[in-house]
>>> print(open('data_11.cif').read())   # mmCIF, C-alpha atoms
data_data
#
loop_
_atom_site.label_atom_id
_atom_site.label_comp_id
_atom_site.auth_asym_id
_atom_site.auth_seq_id
_atom_site.Cartn_x
_atom_site.Cartn_y
_atom_site.Cartn_z
CA MET J 1 -61.53 -88.43 23.45
CA THR J 2 -58.27 -89.11 21.86
CA ASP J 3 -59.65 -89.53 18.36
CA THR J 4 -61.81 -86.46 18.46
CA THR J 5 -59.13 -84.13 19.79
CA GLN J 6 -56.21 -85.20 17.62
CA PRO J 7 -57.47 -83.79 14.31
CA ALA J 8 -58.12 -80.50 15.99
CA ALA J 9 -54.57 -80.45 17.16
CA ASP J 10 -53.30 -81.34 13.69
CA GLY J 11 -55.47 -78.62 12.23
CA ALA J 12 -54.13 -76.14 14.65
CA VAL J 13 -50.59 -77.14 13.88
CA GLY J 14 -51.25 -76.89 10.17
CA ALA J 15 -52.86 -73.59 10.57
CA SER J 16 -49.91 -72.28 12.53
CA THR J 17 -47.49 -73.75 9.99
CA SER J 18 -49.29 -72.15 7.11
CA ALA J 19 -49.44 -68.92 8.98
CA SER J 20 -45.71 -69.03 9.61
CA LYS J 21 -45.09 -69.85 5.96
CA GLY J 22 -47.21 -66.92 4.94
CA LYS J 23 -45.32 -64.61 7.17
CA GLY J 24 -42.00 -65.91 5.79
CA ARG J 25 -43.10 -65.19 2.23
CA LYS J 26 -43.96 -61.62 3.15
CA LEU J 27 -40.47 -61.08 4.59
CA ARG J 28 -38.76 -62.48 1.50
CA THR J 29 -40.78 -60.48 -0.96
CA PRO J 30 -38.92 -57.11 -0.49
CA PHE J 31 -35.60 -58.91 -0.83
CA ARG J 32 -36.70 -60.46 -4.07
CA ARG J 33 -37.80 -57.11 -5.35
CA ARG J 34 -34.49 -55.52 -4.52
CA ARG J 35 -32.69 -58.43 -6.14
CA GLY J 36 -34.79 -58.10 -9.24
CA ASP J 37 -34.12 -54.36 -9.42
CA ALA J 38 -30.41 -55.01 -9.20
CA VAL J 39 -30.54 -57.54 -12.04
CA GLN J 40 -32.54 -55.14 -14.19
CA GLU J 41 -29.99 -52.33 -13.50
CA GLN J 42 -27.12 -54.60 -14.57
CA LYS J 43 -28.90 -55.38 -17.83
CA THR J 44 -29.46 -51.69 -18.43
CA ARG J 45 -25.79 -50.89 -17.89
CA LYS J 46 -24.74 -53.62 -20.37
CA SER J 47 -27.07 -52.26 -22.98
CA THR J 48 -25.89 -48.68 -22.54
CA SER J 49 -22.22 -49.68 -22.60
CA ASN J 50 -22.63 -51.31 -26.00
CA ALA J 51 -24.47 -48.31 -27.44
CA PRO J 52 -22.49 -45.60 -29.27
CA TYR J 53 -21.51 -42.49 -27.26
CA GLN J 54 -23.84 -39.55 -27.67
CA PRO J 55 -22.81 -36.35 -25.88
CA GLN J 56 -25.50 -34.58 -23.98
CA VAL J 57 -26.47 -31.21 -25.30
CA GLU J 58 -26.59 -28.49 -22.68
CA THR J 59 -29.89 -26.71 -22.78
CA GLU J 60 -28.74 -23.99 -20.37
CA LYS J 61 -25.32 -22.41 -19.97
CA ALA J 62 -23.70 -23.32 -16.68
CA ALA J 63 -23.21 -20.42 -14.30
CA ALA J 64 -19.62 -19.23 -13.83
CA PRO J 65 -18.11 -19.99 -10.42
CA VAL J 66 -18.47 -17.11 -8.02
CA ASN J 67 -15.21 -15.61 -6.81
CA ARG J 68 -15.87 -14.27 -3.36
CA ARG J 69 -12.74 -12.10 -3.50
CA GLN J 70 -13.98 -10.43 -6.65
CA ARG J 71 -15.09 -6.82 -6.12
CA THR J 72 -18.85 -6.35 -6.28
CA HIS J 73 -18.45 -2.61 -6.90
CA PRO J 74 -16.44 -0.84 -9.60
CA LYS J 75 -12.79 -0.34 -8.71
CA LYS J 76 -11.94 3.22 -7.76
CA PRO J 77 -8.93 4.75 -9.47
CA ARG J 78 -5.97 5.22 -7.16
CA PRO J 79 -5.06 8.82 -6.44
CA ILE J 80 -1.94 10.07 -8.14
CA ARG J 81 0.90 10.24 -5.63
CA GLN J 82 2.42 13.67 -5.41
CA THR J 83 6.18 13.51 -5.67
CA ASP J 84 8.18 15.47 -3.12
CA ASP J 85 10.69 17.59 -4.99
CA SER J 86 12.72 18.02 -1.81
CA ASP J 87 14.60 14.86 -2.88
CA LEU J 88 16.10 16.97 -5.63
CA GLY J 89 16.75 19.92 -3.36
CA LEU J 90 18.51 17.76 -0.76
CA SER J 91 20.41 15.57 -3.20
CA PHE J 92 23.73 17.16 -2.21
CA LEU J 93 23.39 15.56 1.27
CA GLU J 94 24.10 12.14 -0.22
CA ASN J 95 27.85 12.82 -0.13
CA ALA J 96 27.87 14.46 3.31
CA GLU J 97 29.99 13.00 6.10
CA PRO J 98 28.03 11.01 8.73
CA THR J 99 26.42 13.33 11.26
CA ALA J 100 27.78 11.47 14.31
CA GLN J 101 31.37 11.96 13.17
CA ARG J 102 30.92 15.66 12.41
CA LEU J 103 29.12 16.30 15.67
CA GLY J 104 31.68 14.35 17.69
CA ARG J 105 34.56 16.27 16.11
CA PHE J 106 32.88 19.58 16.85
CA LEU J 107 32.16 18.74 20.50
CA SER J 108 35.69 17.44 21.10
CA SER J 109 37.32 20.58 19.74
CA ASP J 110 39.03 22.95 22.17
CA ALA J 111 36.71 25.79 21.25
CA VAL J 112 33.71 23.91 22.63
CA LYS J 113 35.20 22.56 25.85
CA PRO J 114 34.44 24.60 29.01
CA LYS J 115 37.16 26.73 30.54
CA LEU J 116 38.89 25.51 33.68
CA HIS J 117 37.94 28.41 35.95
CA LYS J 118 34.27 27.88 35.06
CA VAL J 119 34.49 24.15 35.80
CA LEU J 120 35.97 24.89 39.23
CA ALA J 121 33.32 27.51 39.94
CA ASP J 122 30.54 25.08 38.93
CA ALA J 123 32.08 22.49 41.29
CA GLY J 124 31.66 24.93 44.17
CA VAL J 125 35.34 25.64 44.81
CA GLY J 126 34.86 29.39 44.59
CA SER J 127 33.98 32.24 42.26
CA ARG J 128 35.43 32.50 38.78
CA ARG J 129 37.69 35.38 39.75
CA GLU J 130 38.98 33.43 42.76
CA MET J 131 39.61 30.41 40.54
CA GLU J 132 41.71 32.50 38.18
CA GLU J 133 43.85 33.63 41.10
CA LEU J 134 44.09 30.01 42.26
CA ILE J 135 45.29 28.94 38.83
CA VAL J 136 47.91 31.71 38.68
CA SER J 137 49.27 30.68 42.07
CA GLY J 138 50.00 27.20 40.69
CA ARG J 139 47.66 25.35 43.04
CA VAL J 140 45.61 23.82 40.21
CA SER J 141 46.71 20.97 37.94
CA VAL J 142 45.15 19.16 35.00
CA ASN J 143 46.20 15.56 34.38
CA GLY J 144 49.24 16.13 36.62
CA GLU J 145 50.40 19.23 34.76
CA PRO J 146 50.22 22.83 36.07
CA ALA J 147 47.10 24.61 34.81
CA TYR J 148 47.07 27.98 33.06
CA ILE J 149 44.59 30.78 32.49
CA GLY J 150 42.18 30.13 29.64
CA GLN J 151 42.77 26.38 29.65
CA ARG J 152 39.85 24.24 28.55
CA VAL J 153 39.12 20.78 29.95
CA ALA J 154 37.19 17.78 28.73
CA THR J 155 35.09 15.34 30.72
CA GLU J 156 37.88 12.79 31.02
CA ASP J 157 40.48 15.32 32.28
CA VAL J 158 41.47 15.00 35.97
CA VAL J 159 41.47 18.35 37.78
CA ARG J 160 43.16 18.79 41.15
CA VAL J 161 43.25 21.71 43.58
CA ASN J 162 45.99 21.52 46.20
CA GLY J 163 46.45 17.87 45.23
CA ARG J 164 42.80 16.99 45.83
CA ILE J 165 40.73 15.68 42.90
CA ILE J 166 37.76 17.88 42.11
CA LYS J 167 34.57 15.97 41.38
CA ARG J 168 32.82 17.68 38.54
CA PRO J 169 29.03 17.90 38.83
CA ASN J 170 27.09 15.77 36.37
CA ALA J 171 30.33 14.46 34.87
CA ASP J 172 28.74 11.01 34.58
CA LYS J 173 25.65 12.50 32.95
CA PRO J 174 26.73 14.41 29.85
CA PRO J 175 24.18 16.65 28.17
CA ARG J 176 21.84 15.12 25.65
CA ILE J 177 21.64 16.30 22.09
CA ILE J 178 18.92 15.47 19.58
CA LEU J 179 18.44 16.48 15.97
CA TYR J 180 14.93 17.21 14.75
CA HIS J 181 13.64 17.52 11.20
CA LYS J 182 11.13 20.33 11.52
CA PRO J 183 8.20 20.31 9.11
CA ALA J 184 6.43 23.44 7.97
CA GLY J 185 3.60 24.63 10.20
CA GLU J 186 5.32 24.20 13.59
CA ILE J 187 6.68 27.00 15.76
CA VAL J 188 9.82 26.92 17.92
CA SER J 189 8.30 27.94 21.24
CA HIS J 190 7.30 26.28 24.50
CA ASP J 191 4.13 28.35 24.84
CA ASP J 192 2.03 29.85 22.07
CA PRO J 193 -1.00 32.09 22.77
CA GLY J 194 -2.48 31.01 19.45
CA LYS J 195 -2.37 27.33 20.47
CA ARG J 196 -0.40 26.40 17.36
CA GLU J 197 1.54 23.17 17.19
CA THR J 198 5.07 23.49 18.59
CA VAL J 199 8.19 21.47 17.92
CA PHE J 200 8.57 20.69 21.63
CA SER J 201 5.41 18.57 21.59
CA ARG J 202 7.24 16.12 19.30
CA LEU J 203 10.37 15.75 21.44
CA PRO J 204 10.93 13.00 24.03
CA LYS J 205 9.97 13.78 27.61
CA ILE J 206 12.73 14.40 30.16
CA LYS J 207 12.42 14.21 33.95
CA VAL J 208 14.85 17.00 34.84
CA GLY J 209 15.34 20.28 33.01
CA LYS J 210 13.97 21.07 29.56
CA TRP J 211 14.97 21.03 25.93
CA LEU J 212 16.77 24.16 24.68
CA SER J 213 16.69 25.03 21.01
CA VAL J 214 19.87 26.02 19.19
CA GLY J 215 18.53 28.83 17.06
CA ARG J 216 15.07 29.05 15.56
CA LEU J 217 13.21 28.50 12.33
CA ASP J 218 10.12 30.44 11.31
CA LEU J 219 6.71 28.86 10.82
CA ASN J 220 7.10 27.94 7.14
CA THR J 221 10.78 26.95 7.21
CA GLU J 222 11.71 23.28 7.43
CA GLY J 223 14.85 21.37 8.22
CA LEU J 224 17.46 20.90 10.92
CA LEU J 225 16.89 21.94 14.53
CA ILE J 226 19.33 21.08 17.33
CA PHE J 227 18.10 20.59 20.89
CA THR J 228 20.17 20.08 24.03
CA THR J 229 19.66 19.90 27.78
CA SER J 230 22.71 22.11 28.45
CA GLY J 231 22.54 25.88 28.37
CA ASP J 232 26.31 26.09 27.93
CA MET J 233 26.12 23.76 24.96
CA ALA J 234 23.39 25.83 23.32
CA HIS J 235 25.45 28.99 23.94
CA ARG J 236 28.54 27.47 22.30
CA PHE J 237 26.54 26.49 19.24
CA MET J 238 25.04 29.95 18.76
CA HIS J 239 27.83 32.29 19.85
CA PRO J 240 29.14 34.36 16.91
CA ARG J 241 32.80 33.71 17.80
CA PHE J 242 32.36 30.05 16.86
CA GLY J 243 31.29 31.09 13.36
CA ALA J 244 28.49 28.55 13.01
CA GLU J 245 27.68 28.64 9.31
CA ARG J 246 24.11 27.89 8.23
CA GLU J 247 23.30 26.04 5.04
CA TYR J 248 19.92 26.03 3.29
CA ALA J 249 18.23 24.38 0.34
CA VAL J 250 16.12 27.09 -1.29
CA ARG J 251 13.38 26.63 -3.89
CA VAL J 252 12.50 29.83 -5.72
CA LEU J 253 9.90 30.78 -8.31
CA GLY J 254 12.05 31.60 -11.28
CA GLU J 255 15.73 31.47 -12.14
CA LEU J 256 18.64 33.47 -10.83
CA THR J 257 20.82 35.23 -13.33
CA SER J 258 24.57 35.36 -12.91
CA GLU J 259 24.28 39.07 -12.00
CA GLN J 260 21.75 38.29 -9.26
CA MET J 261 23.96 35.53 -7.86
CA ASP J 262 26.93 37.88 -7.71
CA LEU J 263 24.81 40.50 -5.99
CA LEU J 264 23.65 38.04 -3.33
CA LYS J 265 27.26 37.10 -2.62
CA THR J 266 28.57 40.65 -2.47
CA GLY J 267 25.68 41.88 -0.34
CA VAL J 268 22.14 43.25 -0.63
CA GLU J 269 20.65 46.04 1.46
CA LEU J 270 17.91 44.97 3.88
CA ASP J 271 15.93 46.93 6.47
CA ASP J 272 18.30 45.80 9.23
CA GLY J 273 21.56 46.13 7.32
CA VAL J 274 23.55 44.51 4.54
CA ALA J 275 23.31 40.72 4.17
CA GLN J 276 25.28 38.38 1.93
CA PHE J 277 25.64 34.69 1.20
CA GLY J 278 28.94 32.95 1.71
CA SER J 279 28.22 30.74 -1.29
CA ILE J 280 25.38 30.03 -3.69
CA GLU J 281 25.07 27.31 -6.31
CA PHE J 282 22.38 25.84 -8.54
CA VAL J 283 21.21 22.36 -7.51
CA GLY J 284 18.55 21.48 -10.06
CA GLY J 285 14.99 21.91 -11.22
CA GLU J 286 13.20 23.18 -14.27
CA GLY J 287 10.29 25.42 -15.13
CA SER J 288 9.20 27.81 -12.41
CA ASN J 289 10.69 25.83 -9.47
CA ARG J 290 14.46 25.77 -9.13
CA TRP J 291 16.60 24.69 -6.19
CA TYR J 292 19.68 26.49 -4.90
CA ARG J 293 22.15 25.73 -2.13
CA VAL J 294 23.23 28.73 -0.06
CA THR J 295 25.35 29.33 3.06
CA ILE J 296 25.18 32.23 5.47
CA SER J 297 27.05 33.01 8.68
CA GLU J 298 24.25 34.67 10.64
CA GLY J 299 20.64 34.02 11.46
CA ARG J 300 18.52 37.15 11.31
CA ASN J 301 14.74 36.89 11.11
CA ARG J 302 13.63 35.62 7.65
CA GLU J 303 16.99 36.70 6.30
CA VAL J 304 17.24 34.21 3.43
CA ARG J 305 13.72 34.95 2.20
CA ARG J 306 14.26 38.70 2.36
CA MET J 307 17.52 38.45 0.44
CA PHE J 308 15.84 36.69 -2.48
CA GLU J 309 12.99 39.17 -2.36
CA ALA J 310 15.59 41.94 -2.64
CA VAL J 311 16.60 40.62 -6.09
CA GLY J 312 13.00 40.10 -7.23
CA LEU J 313 12.46 36.38 -6.53
CA THR J 314 10.07 34.63 -4.16
CA VAL J 315 11.12 31.69 -2.00
CA SER J 316 8.50 28.93 -2.21
CA ARG J 317 10.29 26.47 0.07
CA LEU J 318 13.18 26.75 2.53
CA ILE J 319 14.98 23.85 4.26
CA ARG J 320 17.91 24.23 6.64
CA THR J 321 20.38 21.43 5.99
CA ARG J 322 23.33 22.32 8.22
CA PHE J 323 24.15 24.30 11.36
CA GLY J 324 27.88 24.60 11.91
CA GLU J 325 29.34 21.10 11.72
CA VAL J 326 25.98 19.38 12.24
CA VAL J 327 24.28 18.16 9.07
CA LEU J 328 20.67 17.06 8.67
CA PRO J 329 20.73 13.23 8.42
CA ARG J 330 19.49 12.19 4.99
CA ASN J 331 17.31 9.41 6.40
CA LEU J 332 15.67 11.58 9.08
CA ARG J 333 12.09 12.16 7.97
CA ARG J 334 10.08 15.28 8.70
CA GLY J 335 8.59 15.33 12.20
CA ARG J 336 11.14 12.78 13.53
CA TRP J 337 14.11 13.20 15.89
CA LYS J 338 17.37 11.35 16.47
CA SER J 339 19.36 11.24 19.70
CA PHE J 340 23.14 11.41 20.02
CA PRO J 341 24.59 10.39 23.43
CA LEU J 342 27.82 12.35 23.53
CA LYS J 343 30.53 13.31 25.99
CA TRP J 344 32.27 16.63 25.92
#
>>> encode(input="data_11.cif", output="structure tokens")
Amino acid sequence: MTDTTQPAADGAVGASTSASKGKGRKLRTPFRRRRGDAVQEQKTRKSTSNAPYQPQVETEKAAAPVNRRQRTHPKKPRPIRQTDDSDLGLSFLENAEPTAQRLGRFLSSDAVKPKLHKVLADAGVGSRREMEELIVSGRVSVNGEPAYIGQRVATEDVVRVNGRIIKRPNADKPPRIILYHKPAGEIVSHDDPGKRETVFSRLPKIKVGKWLSVGRLDLNTEGLLIFTTSGDMAHRFMHPRFGAEREYAVRVLGELTSEQMDLLKTGVELDDGVAQFGSIEFVGGEGSNRWYRVTISEGRNREVRRMFEAVGLTVSRLIRTRFGEVVLPRNLRRGRWKSFPLKW
């Protein structure tokens, strides 16, 4: 049994050994192929490195790199910016004194301060006539000194009646004043039946009271407008006894002769009476548009335009640059306002 079975076992072992060897050769074959490919590639590199350099000829032109920022449509020409010739007409404002200083000097002047008998009446002490009698009797003092009829007082002045300090109403809340650069096309009115744009729609909102305009400008006139929350302040600005001179930059179609300038200063006849400029001078310009600087001491309806029409010239643009001591700030653009917190 032993002899007959042993060869079979050897055969089986041999068969398994040969089978394992066969399987091992199959696993090594891909490795040998890869190794052979690597050797062949090295030989190819050596042969190409020894060969002379031959540049490759491009058969097709390479495409240019695409710039994503590049416009895909033709560039539109930019519109020509229209220059505003008001810079020439307002050039004389460059040398003007700062508005805050001029306005402060005007409000601190004696002519603008309220009278004593009115201050006492506003404080509820009595009527204006009674306050005058009180002042004459020597029972009123200002800063420790006896008061007198017609005396004007400022916010910081201490007023006493029979030795008792009078508390002035709203003394800690002085009136507000703002300057507005009115553009053409706006009206100076709170309500307009035609629903046109008003200057008051551009002003800051206030909780108590309303903005009062110092004077007016017509629809097509530009320039300085003064607004305040105090009726007394507006009255002092506009009252003729204060002599608030108005100044305008005027652009006309044509050129004034020396005779016409003299006539405008001596006076021209209008429908509502004679009108004259306090001063008139040429500012600049050429061709059909020329700028002039004029001053006038009153503010009748369309007075400046009508005066130029009286000498045969048409006003194409009108800008108010000054009202009394208040000058239009050079850096205040059209449609903008500037506030001035002041005490008076």
>>> resolve_selection(input="data_11.cif", expression="the PyMOL selection byres ((chain J and resi 181) around 8)", output="list of chain:residue names")
J:Leu179, J:Tyr180, J:Lys182, J:Pro183, J:Glu222, J:Gly223, J:Leu224, J:Leu225, J:Leu328, J:Leu332, J:Arg333, J:Arg334, J:Gly335, J:Arg336, J:Trp337
>>> atom_distance(input="data_11.cif", atom1="CA of Thr198 (chain J)", atom2="CA of Phe323 (chain J)")
20.4 Å
>>> residues_around(input="data_11.cif", residues="region 199-207 of chain J", least_positions_apart="2", cutoff="7 Å", atoms="only C-alpha atoms", output="PyMOL selection string")
chain J and resi 186-188+190+197+209-210
>>> atom_distance(input="data_11.cif", atom1="CA of Ile319 (chain J)", atom2="CA of Ala249 (chain J)")
5.1 Å
>>> closest_residue(input="data_11.cif", among="J:Leu88, J:Leu93, J:Ile166, J:Val136", to="Asp122 (chain J)", atoms="all atoms listed in the file")
J:Ile166
>>> resolve_selection(input="data_11.cif", expression="the PyMOL selection byres ((chain J and resi 144) around 9)", output="number ranges by chain")
J: 141-143, 145-147, 158-160
>>> decode(input="data_11.cif", residues="region 91-103 of chain J", atoms="all heavy atoms", output="compact mmCIF listing (two decimals), in the first residue's frame")
# COMPACT_ATOMS: atom_id res chain seq x y z
N SER J 91 -17.23 133.74 -10.30
CA SER J 91 -15.80 133.77 -9.97
C SER J 91 -15.46 134.84 -8.94
O SER J 91 -14.50 134.69 -8.19
CB SER J 91 -14.98 133.99 -11.25
OG SER J 91 -15.36 135.22 -11.87
N PHE J 92 -16.25 135.91 -8.87
CA PHE J 92 -15.94 136.98 -7.91
C PHE J 92 -16.20 136.54 -6.47
O PHE J 92 -15.80 137.24 -5.53
CB PHE J 92 -16.75 138.23 -8.24
CG PHE J 92 -18.23 138.04 -8.24
CD1 PHE J 92 -18.98 138.16 -7.08
CD2 PHE J 92 -18.90 137.74 -9.42
CE1 PHE J 92 -20.34 137.98 -7.08
CE2 PHE J 92 -20.27 137.56 -9.43
CZ PHE J 92 -21.00 137.69 -8.26
N LEU J 93 -16.88 135.39 -6.25
CA LEU J 93 -17.12 134.91 -4.89
C LEU J 93 -15.88 134.28 -4.26
O LEU J 93 -15.87 134.02 -3.05
CB LEU J 93 -18.25 133.88 -4.89
CG LEU J 93 -19.65 134.39 -5.24
CD1 LEU J 93 -20.65 133.24 -5.25
CD2 LEU J 93 -20.09 135.48 -4.27
N GLU J 94 -14.86 134.04 -5.07
CA GLU J 94 -13.64 133.42 -4.53
C GLU J 94 -13.00 134.29 -3.45
O GLU J 94 -12.41 133.79 -2.50
CB GLU J 94 -12.65 133.16 -5.66
CG GLU J 94 -13.12 132.16 -6.71
CD GLU J 94 -13.18 130.75 -6.16
OE1 GLU J 94 -12.60 130.50 -5.08
OE2 GLU J 94 -13.82 129.89 -6.80
N ASN J 95 -13.10 135.59 -3.59
CA ASN J 95 -12.45 136.51 -2.64
C ASN J 95 -13.40 137.02 -1.57
O ASN J 95 -13.04 137.92 -0.80
CB ASN J 95 -11.87 137.71 -3.42
CG ASN J 95 -10.82 137.28 -4.43
OD1 ASN J 95 -10.06 136.34 -4.19
ND2 ASN J 95 -10.78 137.96 -5.57
N ALA J 96 -14.60 136.45 -1.51
CA ALA J 96 -15.58 136.91 -0.52
C ALA J 96 -15.21 136.42 0.88
O ALA J 96 -14.60 135.35 1.06
CB ALA J 96 -16.98 136.41 -0.89
N GLU J 97 -15.57 137.20 1.88
CA GLU J 97 -15.33 136.83 3.27
C GLU J 97 -16.18 135.61 3.63
O GLU J 97 -17.29 135.45 3.11
CB GLU J 97 -15.68 138.00 4.17
CG GLU J 97 -15.31 137.81 5.64
CD GLU J 97 -15.68 139.01 6.49
OE1 GLU J 97 -16.30 139.94 5.93
OE2 GLU J 97 -15.38 139.01 7.69
N PRO J 98 -15.69 134.71 4.50
CA PRO J 98 -16.48 133.53 4.89
C PRO J 98 -17.88 133.91 5.35
O PRO J 98 -18.07 134.90 6.08
CB PRO J 98 -15.65 132.90 6.01
CG PRO J 98 -14.24 133.33 5.72
CD PRO J 98 -14.35 134.70 5.11
N THR J 99 -18.84 133.12 4.93
CA THR J 99 -20.25 133.43 5.21
C THR J 99 -20.54 133.47 6.70
O THR J 99 -21.30 134.31 7.18
CB THR J 99 -21.15 132.41 4.52
OG1 THR J 99 -20.87 132.40 3.12
CG2 THR J 99 -22.62 132.74 4.72
N ALA J 100 -19.96 132.54 7.47
CA ALA J 100 -20.24 132.48 8.91
C ALA J 100 -19.82 133.78 9.60
O ALA J 100 -20.53 134.27 10.49
CB ALA J 100 -19.52 131.29 9.53
N GLN J 101 -18.70 134.35 9.19
CA GLN J 101 -18.25 135.59 9.82
C GLN J 101 -19.17 136.76 9.46
O GLN J 101 -19.54 137.57 10.32
CB GLN J 101 -16.82 135.90 9.38
CG GLN J 101 -15.80 134.86 9.85
CD GLN J 101 -14.39 135.21 9.41
OE1 GLN J 101 -14.13 136.31 8.94
NE2 GLN J 101 -13.47 134.27 9.58
N ARG J 102 -19.56 136.85 8.20
CA ARG J 102 -20.44 137.94 7.78
C ARG J 102 -21.81 137.82 8.45
O ARG J 102 -22.37 138.81 8.92
CB ARG J 102 -20.59 137.92 6.26
CG ARG J 102 -19.31 138.16 5.49
CD ARG J 102 -19.55 138.05 4.01
NE ARG J 102 -20.42 139.12 3.54
CZ ARG J 102 -20.00 140.22 2.91
NH1 ARG J 102 -18.70 140.41 2.73
NH2 ARG J 102 -20.85 141.12 2.50
N LEU J 103 -22.33 136.61 8.51
CA LEU J 103 -23.63 136.41 9.12
C LEU J 103 -23.59 136.67 10.61
O LEU J 103 -24.51 137.27 11.18
CB LEU J 103 -24.11 134.98 8.83
CG LEU J 103 -25.54 134.63 9.26
CD1 LEU J 103 -26.53 135.57 8.61
CD2 LEU J 103 -25.86 133.19 8.92
